[in-house]
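Next comes target07.cif, with mmCIF, C-alpha atoms.
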```cif
data_coords
loop_
_atom_site.label_atom_id
_atom_site.label_comp_id
_atom_site.auth_asym_id
_atom_site.auth_seq_id
_atom_site.Cartn_x
_atom_site.Cartn_y
_atom_site.Cartn_z
CA MET D 1 108.60 113.20 94.28
CA GLU D 2 108.25 111.03 91.17
CA SER D 3 110.94 108.66 92.42
CA LEU D 4 109.09 108.30 95.74
CA ILE D 5 105.84 107.57 93.90
CA ASN D 6 107.53 105.07 91.58
CA ASN D 7 109.10 103.39 94.60
CA LEU D 8 105.70 103.16 96.34
CA VAL D 9 104.12 101.71 93.19
CA SER D 10 106.85 99.06 93.00
CA GLN D 11 106.28 98.18 96.65
CA VAL D 12 102.53 97.88 96.08
CA LYS D 13 103.11 95.62 93.08
CA SER D 14 105.26 93.47 95.38
CA GLY D 15 102.33 93.11 97.78
CA ASP D 16 103.02 95.90 100.28
CA GLN D 17 99.58 97.26 101.24
CA GLU D 18 101.05 99.97 103.46
CA ALA D 19 102.85 101.46 100.46
CA PHE D 20 99.45 101.95 98.82
CA GLU D 21 98.35 103.93 101.87
CA GLY D 22 101.23 106.27 101.07
CA LEU D 23 99.93 106.75 97.53
CA VAL D 24 96.44 107.41 98.86
CA GLU D 25 97.82 109.99 101.27
CA ILE D 26 99.63 111.79 98.44
CA TYR D 27 96.67 111.89 96.02
CA LYS D 28 93.49 111.75 98.13
CA ASP D 29 92.81 115.51 98.13
CA LYS D 30 93.50 115.96 94.42
CA ILE D 31 91.31 113.02 93.42
CA TYR D 32 88.50 114.17 95.70
CA ARG D 33 88.65 117.71 94.26
CA LEU D 34 88.56 116.37 90.71
CA CYS D 35 85.55 114.18 91.51
CA TYR D 36 83.78 117.00 93.33
CA ARG D 37 84.26 119.41 90.48
CA MET D 38 82.99 116.87 88.01
CA VAL D 39 79.89 115.68 89.87
CA GLY D 40 79.17 118.69 92.10
CA ASP D 41 78.19 116.66 95.19
CA SER D 42 80.53 116.08 98.13
CA HIS D 43 79.13 112.69 99.13
CA GLU D 44 79.26 111.34 95.59
CA ALA D 45 82.75 112.79 95.19
CA GLU D 46 83.92 110.96 98.32
CA ASP D 47 82.44 107.69 97.05
CA LEU D 48 83.94 108.15 93.59
CA ALA D 49 87.37 109.07 94.96
CA GLN D 50 87.32 106.02 97.20
CA GLU D 51 86.25 103.82 94.29
CA ALA D 52 89.07 105.25 92.17
CA PHE D 53 91.62 104.20 94.79
CA VAL D 54 90.05 100.75 95.13
CA ARG D 55 90.21 100.23 91.38
CA ALA D 56 93.77 101.52 91.26
CA TYR D 57 94.79 99.05 93.97
CA ILE D 58 93.02 96.12 92.32
CA ASN D 59 94.50 96.95 88.91
CA ILE D 60 97.95 98.11 90.00
CA ASP D 61 99.56 95.34 87.94
CA LYS D 62 98.05 96.92 84.81
CA TYR D 63 99.93 100.16 85.47
CA SER D 64 102.89 99.98 83.09
CA GLY D 65 104.82 103.06 84.19
CA SER D 66 104.97 104.41 80.65
CA TYR D 67 103.36 107.61 82.00
CA LYS D 68 103.03 109.14 85.42
CA PHE D 69 101.07 107.29 88.11
CA SER D 70 99.03 110.44 88.73
CA THR D 71 97.88 110.44 85.11
CA TRP D 72 96.76 106.84 85.41
CA LEU D 73 94.93 107.58 88.67
CA TYR D 74 93.27 110.71 87.22
CA ARG D 75 92.09 108.63 84.28
CA ILE D 76 90.46 106.09 86.58
CA ALA D 77 88.74 108.84 88.60
CA THR D 78 87.64 110.75 85.49
CA ASN D 79 86.14 107.65 83.91
CA LEU D 80 84.26 106.84 87.11
CA CYS D 81 82.86 110.38 87.25
CA ILE D 82 81.83 110.30 83.60
CA ASP D 83 80.07 106.96 84.14
CA LYS D 84 78.28 108.39 87.17
CA LEU D 85 77.19 111.50 85.27
CA ARG D 86 75.87 109.43 82.38
CA LYS D 87 73.74 107.32 84.72
CA LYS D 88 72.60 110.22 86.88
CA LYS D 89 69.38 112.01 86.12
CA PRO D 90 68.90 115.51 87.53
CA ASP D 91 66.65 115.13 90.54
CA TYR D 92 66.28 118.76 91.60
CA SER D 93 67.35 122.23 90.81
CA MET D 94 68.60 124.73 93.35
CA ASP D 95 66.83 127.43 91.30
CA ALA D 96 63.43 125.73 91.47
CA GLU D 97 60.79 127.38 93.61
CA ILE D 98 59.87 125.47 96.75
CA PRO D 99 56.16 124.57 96.65
CA GLY D 100 54.08 126.43 99.23
CA THR D 101 56.49 129.34 99.55
CA GLU D 102 56.41 132.81 98.09
CA GLY D 103 59.20 132.50 95.57
CA ALA D 104 61.75 130.88 97.89
CA THR D 105 64.32 128.66 96.21
CA LEU D 106 66.67 126.06 97.64
CA TYR D 107 69.46 128.62 97.30
CA SER D 108 67.59 130.98 99.59
CA GLN D 109 67.32 128.23 102.21
CA VAL D 110 71.02 127.48 102.43
CA ALA D 111 72.44 128.72 105.70
CA GLY D 112 74.60 131.79 105.22
CA ALA D 113 78.05 132.35 106.64
CA ASP D 114 79.16 135.40 108.55
CA PRO D 115 78.84 138.57 106.48
CA LEU D 116 81.81 139.15 104.21
CA PRO D 117 83.13 142.36 102.70
CA GLU D 118 81.47 143.22 99.39
CA GLU D 119 84.48 142.31 97.28
CA GLU D 120 84.69 138.84 98.80
CA VAL D 121 80.99 138.26 98.22
CA GLU D 122 81.27 139.32 94.58
CA GLU D 123 84.29 137.08 94.08
CA LYS D 124 82.50 134.12 95.63
CA GLU D 125 79.46 134.74 93.43
CA LYS D 126 81.71 134.79 90.37
CA ARG D 127 83.38 131.52 91.39
CA ASP D 128 80.03 129.89 92.14
CA HIS D 129 78.58 131.10 88.86
CA LEU D 130 81.63 129.84 86.99
CA GLN D 131 81.33 126.44 88.73
CA GLN D 132 77.63 126.29 87.79
CA GLU D 133 78.40 127.14 84.19
CA ILE D 134 81.20 124.58 84.06
CA MET D 135 78.74 121.97 85.37
CA LYS D 136 76.39 122.84 82.49
CA LEU D 137 79.05 122.17 79.84
CA PRO D 138 78.86 118.87 77.99
CA GLU D 139 80.98 116.36 79.89
CA LYS D 140 83.69 116.19 77.22
CA TYR D 141 84.33 119.94 77.52
CA ARG D 142 83.83 120.03 81.30
CA THR D 143 86.37 117.26 81.84
CA ALA D 144 88.98 118.96 79.65
CA ILE D 145 88.42 122.37 81.33
CA LEU D 146 88.63 120.91 84.85
CA LEU D 147 91.76 118.90 84.14
CA LYS D 148 93.46 121.89 82.49
CA TYR D 149 92.51 124.83 84.70
CA VAL D 150 91.62 123.28 88.03
CA GLU D 151 93.96 120.31 88.23
CA ASP D 152 96.63 122.11 86.18
CA LEU D 153 97.53 119.10 84.06
CA SER D 154 99.54 119.44 80.87
CA LEU D 155 97.92 118.77 77.51
CA GLU D 156 99.84 115.50 77.28
CA GLU D 157 98.59 114.40 80.71
CA ILE D 158 95.02 115.33 79.81
CA SER D 159 95.45 113.42 76.57
CA SER D 160 96.43 110.32 78.55
CA VAL D 161 93.64 110.76 81.12
CA MET D 162 90.96 111.24 78.47
CA ASP D 163 92.51 108.77 76.02
CA LEU D 164 92.39 111.33 73.22
CA PRO D 165 94.99 112.87 70.90
CA VAL D 166 96.44 116.21 72.05
CA PRO D 167 94.80 118.18 69.20
CA THR D 168 91.38 116.87 70.26
CA VAL D 169 92.12 117.90 73.86
CA LYS D 170 93.08 121.39 72.66
CA THR D 171 89.84 121.62 70.67
CA ARG D 172 87.74 120.57 73.65
CA ILE D 173 89.45 123.07 75.93
CA HIS D 174 88.98 125.81 73.35
CA ARG D 175 85.29 125.00 72.80
CA GLY D 176 84.67 124.79 76.52
CA ARG D 177 86.28 128.19 77.05
CA GLU D 178 84.29 129.68 74.18
CA ALA D 179 81.04 128.37 75.67
CA LEU D 180 81.94 129.94 79.01
CA LYS D 181 82.86 133.24 77.32
CA LYS D 182 79.43 133.35 75.63
CA VAL D 183 77.69 132.94 78.98
CA TYR D 184 79.75 135.70 80.57
CA LYS D 185 79.17 137.99 77.60
CA LYS D 186 75.39 137.53 77.98
CA VAL D 187 75.62 138.24 81.72
CA ALA D 188 77.62 141.41 81.03
CA GLU D 189 75.00 142.57 78.51
CA LEU D 190 72.23 142.11 81.06
CA ARG D 191 73.94 144.34 83.60
#
```
Would you write out, as structure tokens, the structure that this file holds?
Amino acid sequence: MESLINNLVSQVKSGDQEAFEGLVEIYKDKIYRLCYRMVGDSHEAEDLAQEAFVRAYINIDKYSGSYKFSTWLYRIATNLCIDKLRKKKPDYSMDAEIPGTEGATLYSQVAGADPLPEEEVEEKEKRDHLQQEIMKLPEKYRTAILLKYVEDLSLEEISSVMDLPVPTVKTRIHRGREALKKVYKKVAELR
């Protein structure tokens, strides 16, 4: 697969636009998922993923090949997401009560799917809660956690994406995990 990707990159550098379409096809879902998990909004994630590919195409000559193309592309997407998160102010909360209702929240207004067996509902609630807690982490920990456990990148790849030394990446992953453990410990104590 790497040889195919390197071949496509060489073709793009030679001016072959169709070769870039091949790279987009290979990475579009992964880049979208990364952006979605970082910003938590599907429309923004689509825009950011698209912008990441545009920037990659425009700057393809800057890609040296000293590390994997995917690492370079993840770095572009991650930086775009971080920039977006820094500029973005929270505009609403799904937990906030809707004015003029008797305790209804935005969560309660979301259309439900067909009823699921109890185990599936509990599992979905756990995943949703975990995603919410990940979104609450400081961006430096959130980025490291998402790249490690969701995108399954190696520490070296995360180091390249985040432009940090591997020990710093390890520390951020550890601190992010510890913050998540504290939240789950508090939830367990409440039950």
Which residues would end up in the selection if the PyMOL selection byres ((chain D and resi 132-141) around 8) were applied here, given that I need the answer as number ranges by chain? D: 37-40, 82, 128-131, 142-145, 172-173, 175-176, 179-180, 183
Considering only C-alpha atoms, can you say which of D:Leu48, D:Ala19, D:Val9, D:Leu80 comes closest to D:Gly65?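 Selected residue with least distance to D:Gly65: D:Val9.
With distances taken over all atoms listed in the file, D:Ile31 is the one residue among D:Leu4, D:Val12, D:Val54, D:Ile31 lying closest to D:Thr71.
Shortest atom-to-atom contact with D:Phe53 among D:Tyr67, D:Tyr27, D:Tyr36, D:Tyr149: D:Tyr27, counting all atoms listed in the file.
One distance worth recording is that between atom CA of D:Arg75 and atom CA of D:Ser159, which is 9.7 Å.
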Have a look at D:Asp41, D:Glu51, D:Glu18, D:Asp61 and name the one nearest to D:Ile76; count only C-alpha atoms. D:Glu51
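What the PyMOL selection byres ((chain D and resi 2) around 12) picks from this file is D:Met1, D:Ser3, D:Leu4, D:Ile5, D:Asn6, D:Asn7, D:Leu8, D:Val9, D:Leu23, D:Ile26, D:Gly65, D:Tyr67, D:Lys68, D:Phe69, D:Ser70.
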Would you kindly translate the PyMOL selection byres ((chain D and resi 29) around 12) into the concrete residues it picks from this file, as a list of chain:residue names?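 Matching residues under the PyMOL selection byres ((chain D and resi 29) around 12) are D:Leu23, D:Val24, D:Glu25, D:Ile26, D:Tyr27, D:Lys28, D:Lys30, D:Ile31, D:Tyr32, D:Arg33, D:Leu34, D:Cys35, D:Tyr36, D:Ala45, D:Glu46, D:Ala49, D:Gln50, D:Phe53, D:Tyr74, D:Glu151.
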Please indicate the distance in Å from atom CA of D:Arg55 to atom CA of D:Lys13, rounded to one decimal place.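 That distance, rounded to one decimal, is 13.8 Å.
Pairwise distance (atom CA of D:Tyr57, atom CA of D:Leu85) equals 23.2 Å.
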To test the calculation: enclose all listed atoms of stretch 146-160 of chain D in a box whose edges run along x, y and z, add 6 Å on each side, then state centre and edge lengths in Å to one decimal, as JSON.
```
{"center_x": 94.2, "center_y": 117.6, "center_z": 82.4, "size_x": 23.2, "size_y": 26.5, "size_z": 23.7}
```
Counting all atoms listed in the file, which residue out of D:Pro165, D:Glu157, D:Ala52, D:Ser14 sits closest to D:Cys81?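 Closest candidate: D:Ala52.
Distance annotation: of D:Ser160, D:Ser42, D:Ser154, D:Ser10, the residue with the minimal separation from D:Leu73 is D:Ser160; atom set is only C-alpha atoms.
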